[in-house]
>>> print(open('final.txt').read())   # compact mmCIF, C-alpha atoms and all ligand atoms
# COMPACT_ATOMS: atom_id res chain seq x y z
CA MET A 1 -148.20 -48.33 -163.87
CA SER A 2 -150.65 -46.80 -166.34
CA THR A 3 -153.36 -49.08 -167.67
CA GLY A 4 -154.95 -46.35 -169.77
CA VAL A 5 -155.13 -46.35 -173.51
CA GLY A 6 -152.50 -43.71 -174.25
CA VAL A 7 -153.27 -40.53 -176.13
CA GLU A 8 -153.86 -39.86 -179.80
CA VAL A 9 -151.29 -37.78 -181.68
CA ARG A 10 -152.75 -35.93 -184.67
CA VAL A 11 -150.24 -34.41 -187.09
CA ASP A 12 -151.67 -32.13 -189.77
CA GLY A 13 -149.84 -30.49 -192.68
CA LEU A 14 -146.48 -30.58 -190.90
CA THR A 15 -143.53 -29.12 -192.83
CA LYS A 16 -139.91 -28.79 -191.72
CA SER A 17 -136.94 -27.25 -193.52
CA PHE A 18 -133.37 -26.30 -192.65
CA GLY A 19 -131.94 -23.19 -194.33
CA GLY A 20 -134.75 -23.17 -196.90
CA GLN A 21 -134.21 -26.86 -197.80
CA PRO A 22 -137.36 -28.84 -196.96
CA VAL A 23 -136.76 -32.11 -195.12
CA TRP A 24 -140.40 -33.17 -195.56
CA SER A 25 -143.59 -31.26 -196.37
CA ASP A 26 -147.25 -31.55 -195.55
CA VAL A 27 -147.07 -34.63 -193.36
CA THR A 28 -150.54 -35.60 -192.10
CA LEU A 29 -151.13 -38.69 -189.95
CA THR A 30 -152.78 -39.83 -186.74
CA LEU A 31 -151.05 -42.12 -184.27
CA PRO A 32 -154.03 -43.91 -182.74
CA ALA A 33 -154.14 -43.95 -178.93
CA GLY A 34 -152.37 -46.94 -177.41
CA GLU A 35 -151.33 -48.39 -180.77
CA ILE A 36 -147.83 -49.10 -182.08
CA SER A 37 -146.80 -47.30 -185.26
CA VAL A 38 -143.57 -47.69 -187.22
CA LEU A 39 -142.03 -44.99 -189.40
CA LEU A 40 -139.83 -46.16 -192.27
CA GLY A 41 -137.90 -44.37 -194.97
CA PRO A 42 -134.58 -44.35 -196.79
CA SER A 43 -131.61 -42.88 -194.88
CA GLY A 44 -131.63 -39.13 -194.55
CA THR A 45 -135.35 -38.67 -195.25
CA GLY A 46 -135.85 -36.98 -191.90
CA LYS A 47 -137.28 -39.64 -189.61
CA SER A 48 -135.19 -38.48 -186.64
CA VAL A 49 -136.14 -34.89 -187.46
CA PHE A 50 -139.80 -35.99 -187.33
CA LEU A 51 -139.38 -37.49 -183.84
CA LYS A 52 -137.58 -34.38 -182.60
CA THR A 53 -140.33 -32.19 -184.05
CA LEU A 54 -143.04 -34.27 -182.36
CA VAL A 55 -141.44 -33.90 -178.97
CA GLY A 56 -140.92 -30.16 -179.44
CA LEU A 57 -137.10 -30.18 -179.72
CA LEU A 58 -137.40 -28.77 -183.28
CA LYS A 59 -140.01 -26.25 -184.42
CA PRO A 60 -141.87 -27.02 -187.67
CA ASP A 61 -142.16 -24.34 -190.37
CA ARG A 62 -145.90 -24.91 -190.39
CA GLY A 63 -148.56 -27.43 -189.46
CA ASP A 64 -150.16 -28.73 -186.30
CA ILE A 65 -149.40 -31.44 -183.74
CA TRP A 66 -152.50 -32.02 -181.62
CA ILE A 67 -152.06 -33.93 -178.37
CA ALA A 68 -154.67 -33.97 -175.60
CA GLY A 69 -156.37 -30.87 -177.01
CA GLN A 70 -153.15 -28.84 -177.29
CA ASN A 71 -151.36 -27.81 -180.48
CA LEU A 72 -147.64 -28.21 -179.70
CA PRO A 73 -146.09 -25.75 -182.20
CA ARG A 74 -148.35 -23.01 -180.80
CA LEU A 75 -147.48 -23.53 -177.16
CA SER A 76 -145.33 -21.25 -175.03
CA GLU A 77 -142.00 -22.71 -173.82
CA ARG A 78 -143.54 -23.17 -170.39
CA ALA A 79 -146.62 -25.03 -171.65
CA LEU A 80 -144.44 -27.12 -173.97
CA TYR A 81 -142.30 -28.13 -171.00
CA GLU A 82 -145.42 -29.56 -169.35
CA VAL A 83 -146.64 -31.38 -172.49
CA ARG A 84 -143.17 -32.89 -172.97
CA LYS A 85 -143.73 -34.84 -169.77
CA LEU A 86 -146.24 -36.94 -171.73
CA PHE A 87 -143.33 -38.25 -173.82
CA GLY A 88 -140.68 -40.86 -173.18
CA VAL A 89 -137.93 -41.01 -175.79
CA LEU A 90 -135.47 -43.81 -176.45
CA PHE A 91 -132.67 -42.15 -178.39
CA GLN A 92 -130.56 -44.11 -180.85
CA ASP A 93 -127.58 -44.82 -178.57
CA GLY A 94 -129.62 -44.87 -175.36
CA ALA A 95 -128.17 -41.36 -174.60
CA LEU A 96 -127.00 -42.45 -171.15
CA PHE A 97 -124.62 -40.38 -169.03
CA GLY A 98 -121.34 -42.27 -169.22
CA SER A 99 -120.14 -41.35 -165.73
CA MET A 100 -123.38 -42.35 -163.96
CA ASN A 101 -124.30 -45.91 -163.12
CA ILE A 102 -127.48 -47.44 -164.55
CA PHE A 103 -129.50 -46.76 -161.39
CA ASP A 104 -128.63 -43.04 -161.43
CA ASN A 105 -129.23 -42.80 -165.18
CA VAL A 106 -132.73 -44.25 -164.78
CA ALA A 107 -133.39 -42.14 -161.66
CA PHE A 108 -132.28 -38.94 -163.41
CA PRO A 109 -135.69 -37.76 -164.78
CA LEU A 110 -137.34 -38.46 -161.40
CA ARG A 111 -134.74 -36.36 -159.59
CA GLU A 112 -135.03 -33.59 -162.21
CA HIS A 113 -138.79 -33.45 -162.67
CA THR A 114 -140.41 -34.72 -159.48
CA ARG A 115 -140.18 -34.15 -155.76
CA ARG A 116 -140.18 -37.82 -154.88
CA THR A 117 -138.14 -39.05 -151.94
CA GLU A 118 -135.10 -41.26 -152.50
CA SER A 119 -137.02 -44.30 -151.27
CA GLN A 120 -139.89 -43.59 -153.71
CA ILE A 121 -137.34 -43.09 -156.50
CA ARG A 122 -135.72 -46.39 -155.63
CA SER A 123 -139.00 -48.22 -155.89
CA VAL A 124 -139.88 -46.69 -159.30
CA VAL A 125 -136.36 -47.30 -160.68
CA TYR A 126 -136.47 -50.97 -159.64
CA GLN A 127 -139.97 -51.37 -161.09
CA LYS A 128 -138.74 -50.06 -164.49
CA LEU A 129 -135.48 -52.06 -164.37
CA GLU A 130 -137.62 -55.11 -163.73
CA MET A 131 -139.85 -54.29 -166.74
CA VAL A 132 -136.82 -54.21 -169.07
CA GLY A 133 -135.03 -57.15 -167.43
CA LEU A 134 -132.08 -55.21 -166.02
CA VAL A 135 -132.28 -55.85 -162.27
CA GLY A 136 -128.76 -56.73 -161.17
CA ALA A 137 -127.05 -54.32 -163.58
CA GLU A 138 -127.93 -51.15 -161.66
CA GLU A 139 -124.40 -50.58 -160.30
CA LYS A 140 -122.75 -50.89 -163.72
CA LEU A 141 -121.58 -47.96 -165.81
CA PRO A 142 -122.96 -47.73 -169.38
CA GLY A 143 -119.50 -48.59 -170.74
CA GLN A 144 -119.50 -51.86 -168.80
CA ILE A 145 -122.64 -53.36 -170.37
CA SER A 146 -123.54 -54.51 -173.89
CA GLY A 147 -125.25 -52.36 -176.53
CA GLY A 148 -128.50 -54.28 -176.06
CA MET A 149 -128.41 -53.68 -172.30
CA ARG A 150 -127.70 -49.97 -172.86
CA LYS A 151 -130.83 -49.78 -175.05
CA ARG A 152 -132.87 -51.44 -172.32
CA ALA A 153 -131.43 -49.03 -169.74
CA GLY A 154 -132.39 -46.13 -172.05
CA LEU A 155 -135.85 -47.65 -172.28
CA ALA A 156 -136.16 -47.92 -168.48
CA ARG A 157 -135.25 -44.23 -168.28
CA ALA A 158 -137.82 -43.38 -170.99
CA LEU A 159 -140.48 -45.19 -168.92
CA VAL A 160 -139.68 -43.64 -165.58
CA LEU A 161 -142.19 -40.77 -165.71
CA ASP A 162 -144.99 -43.10 -166.94
CA PRO A 163 -145.24 -41.46 -170.39
CA GLU A 164 -148.40 -41.62 -172.50
CA ILE A 165 -146.36 -41.53 -175.74
CA ILE A 166 -143.07 -43.37 -176.29
CA LEU A 167 -140.82 -42.57 -179.24
CA PHE A 168 -138.10 -45.03 -180.26
CA ASP A 169 -135.33 -43.84 -182.59
CA GLU A 170 -133.95 -46.97 -184.28
CA PRO A 171 -134.12 -49.18 -181.18
CA ASP A 172 -132.66 -52.09 -183.17
CA SER A 173 -129.63 -50.29 -184.66
CA GLY A 174 -126.43 -52.14 -183.86
CA LEU A 175 -128.22 -55.15 -182.39
CA ASP A 176 -127.86 -58.70 -183.71
CA PRO A 177 -131.04 -60.47 -184.95
CA VAL A 178 -131.54 -62.38 -181.69
CA ARG A 179 -131.24 -59.22 -179.54
CA THR A 180 -133.57 -57.45 -181.99
CA ALA A 181 -136.14 -60.26 -181.55
CA TYR A 182 -135.92 -59.89 -177.74
CA LEU A 183 -136.26 -56.13 -177.99
CA ASN A 184 -139.28 -56.41 -180.30
CA GLN A 185 -140.95 -58.75 -177.81
CA LEU A 186 -140.15 -56.28 -175.03
CA ILE A 187 -141.75 -53.46 -177.05
CA ILE A 188 -144.96 -55.50 -177.53
CA ASP A 189 -145.03 -56.43 -173.83
CA LEU A 190 -144.42 -52.85 -172.69
CA ASN A 191 -147.18 -51.59 -174.96
CA GLN A 192 -149.55 -54.10 -173.35
CA GLN A 193 -148.45 -53.15 -169.83
CA THR A 194 -148.41 -49.36 -170.23
CA GLY A 195 -151.15 -48.77 -172.82
CA ALA A 196 -149.02 -45.89 -174.14
CA THR A 197 -148.94 -44.78 -177.79
CA PHE A 198 -145.72 -45.95 -179.47
CA LEU A 199 -143.88 -44.60 -182.52
CA ILE A 200 -140.81 -46.51 -183.68
CA VAL A 201 -138.35 -45.37 -186.32
CA THR A 202 -136.59 -48.40 -187.75
CA HIS A 203 -134.77 -49.72 -190.80
CA ASP A 204 -135.54 -53.30 -189.90
CA ILE A 205 -138.12 -54.69 -192.31
CA ASN A 206 -138.85 -57.70 -190.10
CA THR A 207 -139.64 -55.36 -187.20
CA ALA A 208 -141.90 -53.30 -189.49
CA ARG A 209 -143.69 -56.42 -190.73
CA THR A 210 -144.36 -58.03 -187.32
CA VAL A 211 -144.44 -55.41 -184.54
CA PRO A 212 -146.70 -52.44 -185.37
CA ASP A 213 -150.41 -51.84 -185.77
CA ASN A 214 -149.62 -49.10 -188.32
CA ILE A 215 -146.82 -48.34 -190.76
CA GLY A 216 -145.77 -45.04 -192.33
CA LEU A 217 -143.23 -44.50 -195.09
CA ILE A 218 -141.43 -41.21 -195.72
CA TYR A 219 -140.01 -40.94 -199.21
CA HIS A 220 -138.75 -38.05 -201.30
CA GLY A 221 -139.78 -35.34 -198.83
CA HIS A 222 -143.32 -36.62 -198.29
CA LEU A 223 -145.25 -39.19 -196.34
CA ALA A 224 -145.83 -41.74 -199.11
CA MET A 225 -148.37 -43.73 -197.08
CA PHE A 226 -149.51 -44.22 -193.49
CA GLY A 227 -152.06 -46.73 -192.30
CA PRO A 228 -152.76 -50.12 -190.76
CA ARG A 229 -149.98 -52.70 -191.13
CA GLU A 230 -152.15 -54.89 -193.36
CA MET A 231 -152.83 -51.98 -195.70
CA LEU A 232 -149.13 -51.39 -196.39
CA LEU A 233 -148.18 -55.08 -196.46
CA SER A 234 -150.82 -55.74 -199.12
CA SER A 235 -150.11 -52.54 -201.08
CA VAL A 236 -148.81 -52.70 -204.65
CA GLU A 237 -147.95 -48.98 -204.66
CA PRO A 238 -144.39 -49.12 -206.13
CA VAL A 239 -142.46 -47.28 -203.39
CA VAL A 240 -144.27 -49.05 -200.55
CA ARG A 241 -143.94 -52.45 -202.22
CA GLN A 242 -140.23 -51.93 -202.96
CA PHE A 243 -139.35 -50.72 -199.48
CA LEU A 244 -141.37 -53.22 -197.45
CA ASN A 245 -139.99 -56.10 -199.50
CA ALA A 246 -136.40 -54.79 -199.67
CA GLN A 247 -136.23 -55.03 -203.48
CA ARG A 248 -133.96 -53.31 -205.98
CA VAL A 249 -136.70 -53.04 -208.61
CA GLY A 250 -138.78 -49.91 -208.05
CA PRO A 251 -138.52 -46.14 -207.80
CA ILE A 252 -135.90 -46.06 -205.00
CA GLY A 253 -132.30 -46.08 -206.29
CA MET A 254 -128.90 -46.55 -204.63
CA ALA A 255 -128.38 -42.94 -203.59
CA GLU A 256 -131.73 -41.28 -204.32
CA GLU A 257 -134.83 -41.91 -206.41
CA LYS A 258 -134.23 -43.30 -209.89
CA ASP A 259 -134.76 -40.92 -212.80
CA ALA A 260 -137.35 -41.42 -215.56
CA ASP A 261 -134.80 -43.01 -217.95
CA GLU A 262 -133.73 -45.59 -215.38
CA LEU A 263 -137.33 -46.49 -214.60
CA ARG A 264 -138.21 -46.77 -218.31
CA ALA A 265 -135.18 -49.03 -218.91
CA GLU A 266 -136.26 -51.15 -215.93
CA ALA A 267 -139.82 -51.45 -217.30
CA GLU A 268 -138.58 -52.28 -220.82
CA SER A 269 -136.21 -54.96 -219.53
CA GLY A 270 -139.35 -56.83 -218.44
CA VAL A 271 -138.17 -57.52 -214.87
CA GLU A 272 -141.06 -59.20 -213.10
CA LEU A 273 -141.66 -58.32 -209.50
CA PRO A 274 -142.00 -61.34 -207.24
CA PRO A 275 -145.49 -61.78 -205.72
CA LEU A 276 -146.12 -60.05 -202.40
CA PRO A 277 -144.99 -62.28 -199.53
CA PRO A 278 -147.61 -63.46 -197.02
CA ILE A 279 -148.55 -61.04 -194.23
CA PRO A 280 -147.17 -62.54 -191.02
CA HIS A 281 -149.05 -62.61 -187.73
CA GLN A 282 -148.34 -59.64 -185.50
CA LEU A 283 -146.12 -60.49 -182.54
CA ARG A 284 -148.25 -61.25 -179.43
CA PRO A 285 -147.44 -60.37 -175.80
CA SER A 286 -145.38 -63.06 -174.10
CA ASN A 287 -148.11 -63.65 -171.48
CA GLY A 288 -150.39 -64.88 -174.28
CA LEU A 289 -153.06 -62.24 -173.57
CA ARG A 290 -154.28 -59.61 -176.04
CA ARG A 291 -152.97 -56.05 -176.14
CA PRO A 292 -155.74 -53.51 -175.45
CA ALA A 293 -155.20 -51.92 -178.89
CA GLU A 294 -154.70 -55.16 -180.82
CA HIS A 295 -156.59 -55.80 -184.09
CA PRO A 296 -157.64 -59.35 -185.10
CA PRO A 297 -155.51 -60.81 -187.91
CA GLY A 298 -156.97 -60.07 -191.34
CA ALA A 299 -159.58 -57.62 -189.99
CA TRP A 300 -158.40 -54.66 -192.06
CA CYS A 301 -158.26 -56.76 -195.25
CA ARG A 302 -161.78 -58.13 -194.65
CA GLN A 303 -163.23 -54.71 -193.83
CA ASN A 304 -161.69 -53.20 -196.95
CA GLY A 305 -162.37 -56.04 -199.39
CA VAL A 306 -158.64 -56.62 -199.93
CA ILE A 307 -157.47 -60.16 -200.62
CA PRO A 308 -154.24 -60.56 -198.62
CA PRO A 309 -151.22 -62.15 -200.35
CA ALA A 310 -151.46 -65.96 -200.52
CA GLY A 311 -150.45 -67.69 -197.29
CA SER A 312 -151.09 -64.65 -195.06
CA PHE A 313 -151.83 -65.17 -191.36
CA ALA A 314 -150.95 -68.85 -191.64
CA GLY A 315 -149.63 -70.84 -188.69
CA GLY A 316 -150.10 -70.25 -184.99
CA LEU A 317 -150.00 -66.94 -183.17
CA VAL A 318 -146.50 -65.77 -182.47
CA THR A 319 -144.72 -64.96 -179.28
CA ARG A 320 -140.97 -65.13 -179.46
N1 LIG B 401 -130.32 -29.50 -186.75
C1 LIG B 401 -130.18 -29.67 -188.07
N2 LIG B 401 -129.77 -28.65 -188.85
C2 LIG B 401 -129.65 -28.80 -190.20
N3 LIG B 401 -129.92 -29.95 -190.86
C3 LIG B 401 -130.33 -30.99 -190.14
C4 LIG B 401 -130.49 -30.92 -188.71
N4 LIG B 401 -130.92 -32.12 -188.26
C5 LIG B 401 -131.03 -32.92 -189.37
N5 LIG B 401 -130.69 -32.25 -190.48
C6 LIG B 401 -130.73 -32.78 -191.86
O1 LIG B 401 -132.04 -33.29 -192.09
C7 LIG B 401 -131.98 -34.44 -192.93
C8 LIG B 401 -132.72 -35.60 -192.30
O2 LIG B 401 -131.96 -36.12 -191.21
P1 LIG B 401 -132.46 -37.30 -190.25
O3 LIG B 401 -131.34 -37.64 -189.35
O4 LIG B 401 -133.75 -36.94 -189.63
O5 LIG B 401 -132.71 -38.49 -191.28
P2 LIG B 401 -133.12 -39.99 -190.98
O6 LIG B 401 -134.23 -40.32 -191.91
O7 LIG B 401 -133.39 -40.16 -189.52
O8 LIG B 401 -131.80 -40.73 -191.42
P3 LIG B 401 -131.20 -42.17 -190.96
O9 LIG B 401 -132.21 -43.19 -191.38
O10 LIG B 401 -129.93 -42.27 -191.77
O11 LIG B 401 -130.99 -42.10 -189.46
C9 LIG B 401 -130.50 -34.73 -193.17
O12 LIG B 401 -130.15 -34.20 -194.44
C10 LIG B 401 -129.81 -33.97 -192.06
O13 LIG B 401 -128.53 -33.55 -192.46
>>> encode(input="final.txt", output="structure tokens")
Amino acid sequence: MSTGVGVEVRVDGLTKSFGGQPVWSDVTLTLPAGEISVLLGPSGTGKSVFLKTLVGLLKPDRGDIWIAGQNLPRLSERALYEVRKLFGVLFQDGALFGSMNIFDNVAFPLREHTRRTESQIRSVVYQKLEMVGLVGAEEKLPGQISGGMRKRAGLARALVLDPEIILFDEPDSGLDPVRTAYLNQLIIDLNQQTGATFLIVTHDINTARTVPDNIGLIYHGHLAMFGPREMLLSSVEPVVRQFLNAQRVGPIGMAEEKDADELRAEAESGVELPPLPPIPHQLRPSNGLRRPAEHPPGAWCRQNGVIPPAGSFAGGLVTR
């Protein structure tokens, strides 16, 4: 098990289009080493495309992705193959092989990419199944377990090569609120145990408010904002405020962004935005200890002279 601090991922001026249609342009952000970042955005804004571009499955039109001193879009196929081993990816549906049992699914990357013996493989697979709470389900086929268990099996497989960076594509899609709460706790615990750098694409506002160290929002083909969780949760920038508080009032419309007339009508109607809700505590590891990359509650606000919304960081520290 790695106890390092993960690696930094520095994205600079990244642009991606399909058939001349830009998905997003000029995305610049840094995923700090060992921290958890969440990427939000309305449907179809290209969050999955961003993950696939990071891991080298899609080539950007331009821009840089610096990881451990290497610029991914400039690498040869062979060098990229090596750098990809730094990544673990949890795809939306777990992407398990339906005809293989859970043990073989989790063992698959070890059999493909390493020369470990079957007994070594067995020990790593059980260690990862233990980490995600799936020991006992190893003989089952993916079709015989619940959606939440399939996600955890996909996560065990993503962990099996001890990645430095873990990408999660909507880990909470299709899960009920209780399963989502368990999965969020698992994500926090795994980040503490592995020290890897995490990027999570999600639509779940509660996850975005309580799990990450940093939040990014893609909107209208651009990265609207990326920064510490407290910066976005205290922001009054209209798109950020609307999205993070799931409101109808603001620049984002039903199908796309509202036009100038709609926004003017909204302003003239005098609709008052509710005050920003309190910033909740970040979820803590279930063992009660700190994560290596954890920031003290309220630190960003204090350092930046920002008064957090009333009632922020109230109550005890949370583990669920
Ligand atoms: N390989 C591809 N070729 C052409 N267009 C693509 C390809 N992959 C994605 N797109 C387009 O890129 C856009 C962004 O898709 P993407 O799935 O990344 O959005 P998303 O933000 O993840 O959406 P959601 O939140 O609904 O999952 C969509 O219009 C999609 O049709």
>>> residues_near_point(input="final.txt", point="(-141.2, -41.7, -166.1)", cutoff="10 Å", atoms="all atoms listed in the file", output="mmCIF file with C-alpha atoms, in the coordinates of the input")
data_model
loop_
_atom_site.group_PDB
_atom_site.id
_atom_site.type_symbol
_atom_site.label_atom_id
_atom_site.label_comp_id
_atom_site.auth_asym_id
_atom_site.auth_seq_id
_atom_site.Cartn_x
_atom_site.Cartn_y
_atom_site.Cartn_z
ATOM 1 C CA MET A 1 -148.200 -48.330 -163.870
ATOM 2 C CA LYS A 85 -143.730 -34.840 -169.770
ATOM 3 C CA LEU A 86 -146.240 -36.940 -171.730
ATOM 4 C CA PHE A 87 -143.330 -38.250 -173.820
ATOM 5 C CA GLY A 88 -140.680 -40.860 -173.180
ATOM 6 C CA VAL A 106 -132.730 -44.250 -164.780
ATOM 7 C CA ALA A 107 -133.390 -42.140 -161.660
ATOM 8 C CA PHE A 108 -132.280 -38.940 -163.410
ATOM 9 C CA PRO A 109 -135.690 -37.760 -164.780
ATOM 10 C CA LEU A 110 -137.340 -38.460 -161.400
ATOM 11 C CA HIS A 113 -138.790 -33.450 -162.670
ATOM 12 C CA THR A 114 -140.410 -34.720 -159.480
ATOM 13 C CA VAL A 124 -139.880 -46.690 -159.300
ATOM 14 C CA VAL A 125 -136.360 -47.300 -160.680
ATOM 15 C CA LYS A 128 -138.740 -50.060 -164.490
ATOM 16 C CA ALA A 156 -136.160 -47.920 -168.480
ATOM 17 C CA ARG A 157 -135.250 -44.230 -168.280
ATOM 18 C CA ALA A 158 -137.820 -43.380 -170.990
ATOM 19 C CA LEU A 159 -140.480 -45.190 -168.920
ATOM 20 C CA VAL A 160 -139.680 -43.640 -165.580
ATOM 21 C CA LEU A 161 -142.190 -40.770 -165.710
ATOM 22 C CA ASP A 162 -144.990 -43.100 -166.940
ATOM 23 C CA PRO A 163 -145.240 -41.460 -170.390
ATOM 24 C CA GLU A 164 -148.400 -41.620 -172.500
#
>>> residues_around(input="final.txt", residues="Ile65 in chain A", least_positions_apart="6", cutoff="7 Å", atoms="only C-alpha atoms", output="PyMOL selection string")
chain A and resi 9-12+71-73
>>> residues_around(input="final.txt", residues="Tyr126 in chain A", least_positions_apart="5", cutoff="9 Å", atoms="all atoms listed in the file", output="list in words")
Phe103, Ile121, Met131, Leu134, Val135 and Glu138 of chain A
>>> closest_residue(input="final.txt", among="A:Arg241, A:Arg122, A:His222, A:Arg284", to="ligand LIG 401 (chain B)", atoms="only C-alpha atoms and all ligand atoms")
A:His222
>>> residues_near_ligand(input="final.txt", ligand="ligand LIG 401 (chain B)", cutoff="12 Å", atoms="all atoms listed in the file", output="PyMOL selection string")
chain A and resi 16-24+39-53+57-60+91-93+168-173+200-204+217-223+255
>>> atom_distance(input="final.txt", atom1="CA of Ile205 in chain A", atom2="CA of Val27 in chain A")
22.0 Å
>>> closest_residue(input="final.txt", among="A:Ile165, A:Leu233, A:Val132, A:Val211", to="Ala68 in chain A", atoms="all atoms listed in the file")
A:Ile165
>>> closest_residue(input="final.txt", among="A:Asn206, A:Asn304, A:Asn214, A:Gln193", to="Leu289 in chain A", atoms="all atoms listed in the file")
A:Gln193
>>> atom_distance(input="final.txt", atom1="CA of Ile67 in chain A", atom2="CA of Leu167 in chain A")
14.2 Å
>>> residues_around(input="final.txt", residues="Gly13 in chain A", least_positions_apart="3", cutoff="10 Å", atoms="only C-alpha atoms", output="PyMOL selection string")
chain A and resi 25-29+62-65
>>> atom_distance(input="final.txt", atom1="CA of Tyr81 in chain A", atom2="CA of Met100 in chain A")
24.7 Å
>>> closest_residue(input="final.txt", among="A:Gly195, A:Gly216, A:Gln303, A:Ala208", to="Arg290 in chain A", atoms="all atoms listed in the file")
A:Gly195
>>> residues_around(input="final.txt", residues="Pro280 in chain A", least_positions_apart="4", cutoff="9 Å", atoms="all atoms listed in the file", output="ChimeraX atom specification")
/A:209-210,311-315
>>> write_last_selection(input="final.txt", atoms="C-alpha atoms", output="PDB file, keeping the file's coordinate frame")
ATOM      1  CA  ARG A 209    -143.690 -56.420-190.730  1.00  0.00           C
ATOM      2  CA  THR A 210    -144.360 -58.030-187.320  1.00  0.00           C
ATOM      3  CA  GLY A 311    -150.450 -67.690-197.290  1.00  0.00           C
ATOM      4  CA  SER A 312    -151.090 -64.650-195.060  1.00  0.00           C
ATOM      5  CA  PHE A 313    -151.830 -65.170-191.360  1.00  0.00           C
ATOM      6  CA  ALA A 314    -150.950 -68.850-191.640  1.00  0.00           C
ATOM      7  CA  GLY A 315    -149.630 -70.840-188.690  1.00  0.00           C
TER       8      GLY A 315
END
>>> closest_residue(input="final.txt", among="A:Asn184, A:Asn101, A:Thr30, A:Ser286", to="Ile145 in chain A", atoms="only C-alpha atoms")
A:Asn101
>>> build_atoms(input="final.txt", residues="range 178-191 of chain A", atoms="N, CA and C atoms", output="mmCIF file, in the coordinates of the input")
data_model
loop_
_atom_site.group_PDB
_atom_site.id
_atom_site.type_symbol
_atom_site.label_atom_id
_atom_site.label_comp_id
_atom_site.auth_asym_id
_atom_site.auth_seq_id
_atom_site.Cartn_x
_atom_site.Cartn_y
_atom_site.Cartn_z
ATOM 1 N N VAL A 178 -130.922 -61.771 -182.882
ATOM 2 C CA VAL A 178 -131.540 -62.380 -181.690
ATOM 3 C C VAL A 178 -131.899 -61.285 -180.688
ATOM 4 N N ARG A 179 -130.957 -60.334 -180.462
ATOM 5 C CA ARG A 179 -131.240 -59.220 -179.540
ATOM 6 C C ARG A 179 -132.398 -58.380 -180.062
ATOM 7 N N THR A 180 -132.467 -58.210 -181.399
ATOM 8 C CA THR A 180 -133.570 -57.450 -181.990
ATOM 9 C C THR A 180 -134.896 -58.155 -181.711
ATOM 10 N N ALA A 181 -134.903 -59.499 -181.823
ATOM 11 C CA ALA A 181 -136.140 -60.260 -181.550
ATOM 12 C C ALA A 181 -136.563 -60.071 -180.086
ATOM 13 N N TYR A 182 -135.597 -60.110 -179.162
ATOM 14 C CA TYR A 182 -135.920 -59.890 -177.740
ATOM 15 C C TYR A 182 -136.467 -58.478 -177.528
ATOM 16 N N LEU A 183 -135.823 -57.513 -178.176
ATOM 17 C CA LEU A 183 -136.260 -56.130 -177.990
ATOM 18 C C LEU A 183 -137.666 -55.926 -178.554
ATOM 19 N N ASN A 184 -137.944 -56.533 -179.717
ATOM 20 C CA ASN A 184 -139.280 -56.410 -180.300
ATOM 21 C C ASN A 184 -140.336 -56.994 -179.371
ATOM 22 N N GLN A 185 -140.009 -58.153 -178.754
ATOM 23 C CA GLN A 185 -140.950 -58.750 -177.810
ATOM 24 C C GLN A 185 -141.161 -57.824 -176.610
ATOM 25 N N LEU A 186 -140.053 -57.210 -176.163
ATOM 26 C CA LEU A 186 -140.150 -56.280 -175.030
ATOM 27 C C LEU A 186 -141.055 -55.094 -175.383
ATOM 28 N N ILE A 187 -140.931 -54.602 -176.618
ATOM 29 C CA ILE A 187 -141.750 -53.460 -177.050
ATOM 30 C C ILE A 187 -143.239 -53.840 -177.016
ATOM 31 N N ILE A 188 -143.561 -55.033 -177.535
ATOM 32 C CA ILE A 188 -144.960 -55.500 -177.530
ATOM 33 C C ILE A 188 -145.462 -55.640 -176.082
ATOM 34 N N ASP A 189 -144.617 -56.226 -175.224
ATOM 35 C CA ASP A 189 -145.030 -56.430 -173.830
ATOM 36 C C ASP A 189 -145.221 -55.099 -173.104
ATOM 37 N N LEU A 190 -144.304 -54.154 -173.354
ATOM 38 C CA LEU A 190 -144.420 -52.850 -172.690
ATOM 39 C C LEU A 190 -145.659 -52.105 -173.168
ATOM 40 N N ASN A 191 -145.982 -52.250 -174.447
ATOM 41 C CA ASN A 191 -147.180 -51.590 -174.960
ATOM 42 C C ASN A 191 -148.421 -52.165 -174.256
#
